[in-house]
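Notes follow once the structure below has been shown.
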Amino acid sequence: MPGTIDDLVASIEVELEAAHKRIKKCGAEVKLILDKAQQDGRSSLTTEEDERVAELFAARDQGRQDVTGIETKLANANKIKAEEMERSAEAKKQKPTEARRPAYDQVARVGQEERTYRRDQDPNGKSFLMDVSRQFLFQDVEASSRLSRHMQEERVERAEYFLRATGTGAFSGLTVPQYLTDMYAPKTAKLRPFADICNVHQLPPDGMSVHISRITTGSSAANQASENANVSETDMDDELLTIPVKTAAGQQTVSRQAIDRGTGIEDVTMQDLFNRVATVLDSTLINEATTGLSAVAQATSYTDADPTGAELYPKILGAAAGVEEALLAMGQPTHAVMSSRRWYWLSSQMSSVWPMINWSNLPVQAGGTANAQSSYASGPRGVLPCGLEVIVDNNIATNLGAGTNEDEMFVVPQDECHLWEDGEAPLFIRAEQAKAASLGVLLVAYKYYAYTFSRYANGMQKIGGTGLSAPTF
């Protein structure tokens, strides 16, 4: 369905911005390559670097050509828009007549225009999802009109996501109404308790990786041996930490019957897909091989056939000490992340002795406090005597160790748990080709994110071993 001239101008402006960013990115990468060669003291680039620089210059030149063409296209579109605005202004001109004005109480008045999809009228996303399906399956004109109006509202309120929310096909990447993505519904799902306490950054607007510099060799200082003697000098060095952008996605086939009759699809599809996307993101942060929290964290072993809370607590403090030793003034341990079974097991432990030093305002005869108002995936569950806030996350594996029945506990500094993701409901949903043989439409929800826990070696700590086998209550 053709859009308005405003839609066309907006899409061309987005295309122009993307072209400028490609040019800027090429120049930044060339500078990075040259800086690296300079730091290494090399008089020339390597063969691979020469080839890459040539590719970047070619891409930059092509980008400049693209910018010229896009600017011409934008100028023509703006000219058409100006003409339409002139015709509209001319049509709105009023000519005085002898007609009597209507009384005050007979005049229609227009207030603020409401959103197409609203929480009070469509709390579960039923209308939105049915419109997605009907537009795709039946080319429903009214559904297409509502979706088009919704995307125009998104373009006005969240323009930075418009480029990612649209594509070459009609409605190939619809932005989900923001209030729906807050509905992490009561369907059983592990969700994202750990991800929600991470240090969140805005995901860059383009590219499939995030680059940050990590200092590997610092400068030095020492007492001067004598007057005019050389002082200590050590050349600083860094390395580029490249963090891949991942895509968390899920799909659901909606039956033709559900689309036609609209019974229950909001629960089965919309909420469940959002829950699964949130769960896979959090699970990846914890369990991904090589880069996940479990793989990066420095391990402390707790081996005991008859574990107790009193024995486990010093291990937690040892992990916290390891975090502080690695980070010094660059961060401090803030959270203990554990599975729900470990939290309830700790809560079940009885003791006649207490820590010599309580860092939190705890009762003298308690080994910690619980937040009675908190439930799963709703914030800290309690505070340990050393001040660590407890996060319960059931994405932590419980099948570890030789007996495949152990879990792990993590002690982390919140500031160094870096997560890049789109803010403000960055979930998109697509209608894929219908499965004609089974009378279904495939719906896909997805989002982009990146993460790292590796800025500092040993900045993350974990506790594991037979002492964390399946607890007995």
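Here's how to read the names in the structure tokens: chain A, B, ... by the order shown, residue numbers from 1 in each chain, ligand numbers from 1 in the order shown.
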List as a list of chain:residue names the protein and nucleic acid residues near Asp35 in chain A, meaning an atom at most 12 Å away when only C-alpha atoms are counted, but skip any in the same chain fewer than 3 places from it.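 The residues that qualify are A:Ala28, A:Glu29, A:Val30, A:Lys31, A:Leu32, A:Gln38, A:Gln39, A:Asp40, A:Gly41, A:Arg42, A:Ser43, A:Ser44, A:Leu45, A:Glu49, A:Asp238, A:Glu239, A:Leu240.
Contact shell of Thr68 in chain A at 12 Å (only C-alpha atoms; same-chain neighbours under 5 positions omitted): Glu15, Leu16, Ala19, His20, Asp61, Gln62, Gly63, Lys73, Leu74 and Ala75 of chain A.
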Would you output that residue set with all heavy atoms, as an mmCIF file, in the first residue's frame?
data_model
loop_
_atom_site.group_PDB
_atom_site.id
_atom_site.type_symbol
_atom_site.label_atom_id
_atom_site.label_comp_id
_atom_site.auth_asym_id
_atom_site.auth_seq_id
_atom_site.Cartn_x
_atom_site.Cartn_y
_atom_site.Cartn_z
ATOM 1 N N GLU A 15 17.320 6.866 4.980
ATOM 2 C CA GLU A 15 18.293 6.289 4.049
ATOM 3 C C GLU A 15 19.525 7.175 3.944
ATOM 4 O O GLU A 15 20.661 6.685 3.906
ATOM 5 C CB GLU A 15 17.633 6.123 2.676
ATOM 6 C CG GLU A 15 18.519 5.451 1.633
ATOM 7 C CD GLU A 15 17.850 5.359 0.270
ATOM 8 O OE1 GLU A 15 16.719 5.863 0.128
ATOM 9 O OE2 GLU A 15 18.469 4.795 -0.655
ATOM 10 N N LEU A 16 19.325 8.488 3.920
ATOM 11 C CA LEU A 16 20.451 9.426 3.830
ATOM 12 C C LEU A 16 21.298 9.368 5.091
ATOM 13 O O LEU A 16 22.539 9.354 5.020
ATOM 14 C CB LEU A 16 19.911 10.848 3.617
ATOM 15 C CG LEU A 16 20.958 11.962 3.498
ATOM 16 C CD1 LEU A 16 21.879 11.715 2.309
ATOM 17 C CD2 LEU A 16 20.275 13.330 3.367
ATOM 18 N N ALA A 19 23.471 6.325 5.019
ATOM 19 C CA ALA A 19 24.599 6.462 4.095
ATOM 20 C C ALA A 19 25.721 7.287 4.728
ATOM 21 O O ALA A 19 26.902 6.952 4.606
ATOM 22 C CB ALA A 19 24.130 7.099 2.793
ATOM 23 N N HIS A 20 25.352 8.384 5.414
ATOM 24 C CA HIS A 20 26.365 9.202 6.090
ATOM 25 C C HIS A 20 27.087 8.391 7.171
ATOM 26 O O HIS A 20 28.308 8.505 7.349
ATOM 27 C CB HIS A 20 25.709 10.435 6.715
ATOM 28 C CG HIS A 20 25.451 11.543 5.742
ATOM 29 N ND1 HIS A 20 26.454 12.159 5.028
ATOM 30 C CD2 HIS A 20 24.291 12.147 5.348
ATOM 31 C CE1 HIS A 20 25.938 13.100 4.258
ATOM 32 N NE2 HIS A 20 24.617 13.117 4.431
ATOM 33 N N ASP A 61 33.845 5.828 -1.054
ATOM 34 C CA ASP A 61 33.536 6.509 -2.319
ATOM 35 C C ASP A 61 32.143 6.145 -2.812
ATOM 36 O O ASP A 61 31.400 7.006 -3.314
ATOM 37 C CB ASP A 61 34.581 6.141 -3.379
ATOM 38 C CG ASP A 61 35.968 6.669 -3.026
ATOM 39 O OD1 ASP A 61 36.034 7.609 -2.198
ATOM 40 O OD2 ASP A 61 36.970 6.150 -3.563
ATOM 41 N N GLN A 62 31.796 4.853 -2.684
ATOM 42 C CA GLN A 62 30.459 4.446 -3.092
ATOM 43 C C GLN A 62 29.404 5.129 -2.228
ATOM 44 O O GLN A 62 28.345 5.551 -2.710
ATOM 45 C CB GLN A 62 30.317 2.916 -2.967
ATOM 46 C CG GLN A 62 28.952 2.381 -3.383
ATOM 47 C CD GLN A 62 28.617 2.696 -4.828
ATOM 48 O OE1 GLN A 62 29.434 2.448 -5.720
ATOM 49 N NE2 GLN A 62 27.443 3.248 -5.064
ATOM 50 N N GLY A 63 29.706 5.243 -0.901
ATOM 51 C CA GLY A 63 28.777 5.917 -0.009
ATOM 52 C C GLY A 63 28.571 7.370 -0.387
ATOM 53 O O GLY A 63 27.450 7.885 -0.320
ATOM 54 N N LYS A 73 17.198 12.727 -4.666
ATOM 55 C CA LYS A 73 15.883 12.116 -4.475
ATOM 56 C C LYS A 73 15.105 12.835 -3.378
ATOM 57 O O LYS A 73 13.897 13.066 -3.507
ATOM 58 C CB LYS A 73 16.073 10.637 -4.136
ATOM 59 C CG LYS A 73 14.796 9.840 -4.036
ATOM 60 C CD LYS A 73 15.071 8.344 -4.035
ATOM 61 C CE LYS A 73 16.009 7.929 -2.934
ATOM 62 N NZ LYS A 73 16.146 6.454 -2.844
ATOM 63 N N LEU A 74 15.792 13.188 -2.279
ATOM 64 C CA LEU A 74 15.136 13.885 -1.176
ATOM 65 C C LEU A 74 14.667 15.274 -1.597
ATOM 66 O O LEU A 74 13.574 15.721 -1.214
ATOM 67 C CB LEU A 74 16.092 13.984 0.011
ATOM 68 C CG LEU A 74 15.567 14.689 1.260
ATOM 69 C CD1 LEU A 74 14.341 13.968 1.805
ATOM 70 C CD2 LEU A 74 16.653 14.769 2.339
ATOM 71 N N ALA A 75 15.495 15.965 -2.400
ATOM 72 C CA ALA A 75 15.097 17.295 -2.869
ATOM 73 C C ALA A 75 13.825 17.223 -3.706
ATOM 74 O O ALA A 75 12.923 18.054 -3.574
ATOM 75 C CB ALA A 75 16.234 17.923 -3.679
#
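When only C-alpha atoms are used to measure the gap to Val412 in chain A, the shortest distance among A:Ser352, A:Gln252, A:Gln152, A:Gln298 belongs to A:Gln298.
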CA of Leu442 in chain A to CA of Asp140 in chain A: how many Å, to one decimal? 17.3 Å
Residue list (alpha helix (DSSP H), DSSP) for range 226-332 of chain A, as an mmCIF file with N, CA and C atoms, in the first residue's frame:
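The new file states-v2.cif reads:
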data_model
loop_
_atom_site.group_PDB
_atom_site.id
_atom_site.type_symbol
_atom_site.label_atom_id
_atom_site.label_comp_id
_atom_site.auth_asym_id
_atom_site.auth_seq_id
_atom_site.Cartn_x
_atom_site.Cartn_y
_atom_site.Cartn_z
ATOM 1 N N ARG A 256 -5.216 -20.581 11.107
ATOM 2 C CA ARG A 256 -6.207 -19.806 10.353
ATOM 3 C C ARG A 256 -7.475 -19.627 11.195
ATOM 4 N N GLN A 257 -7.800 -20.648 11.964
ATOM 5 C CA GLN A 257 -8.993 -20.556 12.791
ATOM 6 C C GLN A 257 -8.851 -19.460 13.849
ATOM 7 N N ALA A 258 -7.655 -19.378 14.458
ATOM 8 C CA ALA A 258 -7.435 -18.342 15.473
ATOM 9 C C ALA A 258 -7.504 -16.957 14.856
ATOM 10 N N ILE A 259 -6.956 -16.841 13.627
ATOM 11 C CA ILE A 259 -6.989 -15.536 12.957
ATOM 12 C C ILE A 259 -8.420 -15.154 12.610
ATOM 13 N N ASP A 260 -9.189 -16.139 12.075
ATOM 14 C CA ASP A 260 -10.559 -15.853 11.661
ATOM 15 C C ASP A 260 -11.462 -15.545 12.856
ATOM 16 N N ARG A 261 -11.285 -16.309 13.933
ATOM 17 C CA ARG A 261 -12.217 -16.201 15.045
ATOM 18 C C ARG A 261 -11.623 -15.440 16.232
ATOM 19 N N ILE A 265 -5.518 -15.838 20.859
ATOM 20 C CA ILE A 265 -4.213 -15.686 20.225
ATOM 21 C C ILE A 265 -3.326 -14.707 20.967
ATOM 22 N N ASP A 272 3.690 -14.969 25.041
ATOM 23 C CA ASP A 272 4.635 -16.070 25.116
ATOM 24 C C ASP A 272 5.898 -15.790 24.311
ATOM 25 N N LEU A 273 5.761 -15.187 23.132
ATOM 26 C CA LEU A 273 6.931 -14.856 22.323
ATOM 27 C C LEU A 273 7.829 -13.863 23.054
ATOM 28 N N PHE A 274 7.232 -12.858 23.682
ATOM 29 C CA PHE A 274 8.032 -11.879 24.413
ATOM 30 C C PHE A 274 8.788 -12.548 25.555
ATOM 31 N N ASN A 275 8.106 -13.445 26.268
ATOM 32 C CA ASN A 275 8.760 -14.155 27.368
ATOM 33 C C ASN A 275 9.948 -14.970 26.881
ATOM 34 N N ARG A 276 9.793 -15.657 25.749
ATOM 35 C CA ARG A 276 10.870 -16.517 25.241
ATOM 36 C C ARG A 276 12.067 -15.694 24.790
ATOM 37 N N VAL A 277 11.801 -14.548 24.149
ATOM 38 C CA VAL A 277 12.906 -13.686 23.721
ATOM 39 C C VAL A 277 13.669 -13.175 24.938
ATOM 40 N N ALA A 278 12.948 -12.755 25.981
ATOM 41 C CA ALA A 278 13.599 -12.286 27.205
ATOM 42 C C ALA A 278 14.413 -13.400 27.858
ATOM 43 N N THR A 279 13.867 -14.615 27.850
ATOM 44 C CA THR A 279 14.549 -15.739 28.493
ATOM 45 C C THR A 279 15.831 -16.107 27.770
ATOM 46 N N VAL A 280 15.791 -16.170 26.421
ATOM 47 C CA VAL A 280 16.991 -16.590 25.691
ATOM 48 C C VAL A 280 18.086 -15.537 25.825
ATOM 49 N N LEU A 281 17.716 -14.254 25.915
ATOM 50 C CA LEU A 281 18.723 -13.204 26.117
ATOM 51 C C LEU A 281 19.431 -13.409 27.454
ATOM 52 N N ASP A 282 18.664 -13.584 28.516
ATOM 53 C CA ASP A 282 19.253 -13.740 29.844
ATOM 54 C C ASP A 282 20.070 -15.024 29.943
ATOM 55 N N SER A 283 19.557 -16.116 29.384
ATOM 56 C CA SER A 283 20.282 -17.383 29.422
ATOM 57 C C SER A 283 21.607 -17.281 28.675
ATOM 58 N N THR A 284 21.622 -16.547 27.568
ATOM 59 C CA THR A 284 22.851 -16.360 26.813
ATOM 60 C C THR A 284 23.872 -15.595 27.639
ATOM 61 N N LEU A 285 23.438 -14.551 28.329
ATOM 62 C CA LEU A 285 24.352 -13.780 29.170
ATOM 63 C C LEU A 285 25.028 -14.666 30.211
ATOM 64 N N ILE A 286 24.309 -15.628 30.744
ATOM 65 C CA ILE A 286 24.857 -16.464 31.817
ATOM 66 C C ILE A 286 25.607 -17.669 31.274
ATOM 67 N N ASN A 287 25.066 -18.344 30.273
ATOM 68 C CA ASN A 287 25.537 -19.683 29.900
ATOM 69 C C ASN A 287 26.294 -19.774 28.585
ATOM 70 N N LEU A 293 28.670 -15.339 31.432
ATOM 71 C CA LEU A 293 29.135 -15.077 32.799
ATOM 72 C C LEU A 293 29.795 -16.306 33.405
ATOM 73 N N SER A 294 29.213 -17.477 33.223
ATOM 74 C CA SER A 294 29.789 -18.688 33.798
ATOM 75 C C SER A 294 31.159 -19.008 33.213
ATOM 76 N N ALA A 295 31.340 -18.738 31.906
ATOM 77 C CA ALA A 295 32.615 -19.030 31.256
ATOM 78 C C ALA A 295 33.690 -18.025 31.639
ATOM 79 N N VAL A 296 33.305 -16.780 31.886
ATOM 80 C CA VAL A 296 34.269 -15.709 32.157
ATOM 81 C C VAL A 296 34.672 -15.666 33.630
ATOM 82 N N GLY A 309 24.885 -23.523 55.162
ATOM 83 C CA GLY A 309 24.951 -22.106 54.849
ATOM 84 C C GLY A 309 26.126 -21.431 55.519
ATOM 85 N N ALA A 310 26.455 -21.874 56.733
ATOM 86 C CA ALA A 310 27.581 -21.278 57.459
ATOM 87 C C ALA A 310 28.895 -21.535 56.737
ATOM 88 N N GLU A 311 29.001 -22.682 56.033
ATOM 89 C CA GLU A 311 30.216 -22.971 55.278
ATOM 90 C C GLU A 311 30.233 -22.236 53.945
ATOM 91 N N LEU A 312 29.056 -22.050 53.346
ATOM 92 C CA LEU A 312 28.990 -21.391 52.042
ATOM 93 C C LEU A 312 29.264 -19.890 52.141
ATOM 94 N N TYR A 313 28.835 -19.264 53.242
ATOM 95 C CA TYR A 313 28.962 -17.809 53.337
ATOM 96 C C TYR A 313 30.409 -17.323 53.202
ATOM 97 N N PRO A 314 31.412 -17.969 53.836
ATOM 98 C CA PRO A 314 32.797 -17.518 53.609
ATOM 99 C C PRO A 314 33.225 -17.632 52.148
ATOM 100 N N LYS A 315 32.689 -18.605 51.424
ATOM 101 C CA LYS A 315 33.012 -18.714 49.995
ATOM 102 C C LYS A 315 32.479 -17.501 49.238
ATOM 103 N N ILE A 316 31.288 -17.038 49.641
ATOM 104 C CA ILE A 316 30.716 -15.841 49.014
ATOM 105 C C ILE A 316 31.611 -14.637 49.285
ATOM 106 N N LEU A 317 32.077 -14.509 50.526
ATOM 107 C CA LEU A 317 32.975 -13.402 50.847
ATOM 108 C C LEU A 317 34.304 -13.530 50.100
ATOM 109 N N GLY A 318 34.782 -14.777 49.931
ATOM 110 C CA GLY A 318 36.015 -14.967 49.169
ATOM 111 C C GLY A 318 35.848 -14.527 47.727
ATOM 112 N N ALA A 319 34.673 -14.818 47.131
ATOM 113 C CA ALA A 319 34.413 -14.372 45.766
ATOM 114 C C ALA A 319 34.334 -12.849 45.699
ATOM 115 N N ALA A 320 33.686 -12.237 46.699
ATOM 116 C CA ALA A 320 33.612 -10.770 46.735
ATOM 117 C C ALA A 320 35.002 -10.159 46.859
ATOM 118 N N ALA A 321 35.862 -10.789 47.658
ATOM 119 C CA ALA A 321 37.235 -10.305 47.791
ATOM 120 C C ALA A 321 37.973 -10.413 46.465
ATOM 121 N N GLY A 322 37.699 -11.488 45.700
ATOM 122 C CA GLY A 322 38.328 -11.639 44.397
ATOM 123 C C GLY A 322 37.916 -10.553 43.426
ATOM 124 N N VAL A 323 36.627 -10.153 43.468
ATOM 125 C CA VAL A 323 36.151 -9.062 42.610
ATOM 126 C C VAL A 323 36.879 -7.765 42.951
ATOM 127 N N GLU A 324 36.958 -7.452 44.241
ATOM 128 C CA GLU A 324 37.605 -6.198 44.634
ATOM 129 C C GLU A 324 39.097 -6.212 44.329
ATOM 130 N N GLU A 325 39.729 -7.365 44.495
ATOM 131 C CA GLU A 325 41.157 -7.453 44.197
ATOM 132 C C GLU A 325 41.424 -7.223 42.721
ATOM 133 N N ALA A 326 40.507 -7.681 41.852
ATOM 134 C CA ALA A 326 40.691 -7.511 40.409
ATOM 135 C C ALA A 326 40.381 -6.091 39.961
ATOM 136 N N LEU A 327 39.388 -5.449 40.577
ATOM 137 C CA LEU A 327 38.929 -4.145 40.098
ATOM 138 C C LEU A 327 39.497 -2.974 40.881
#
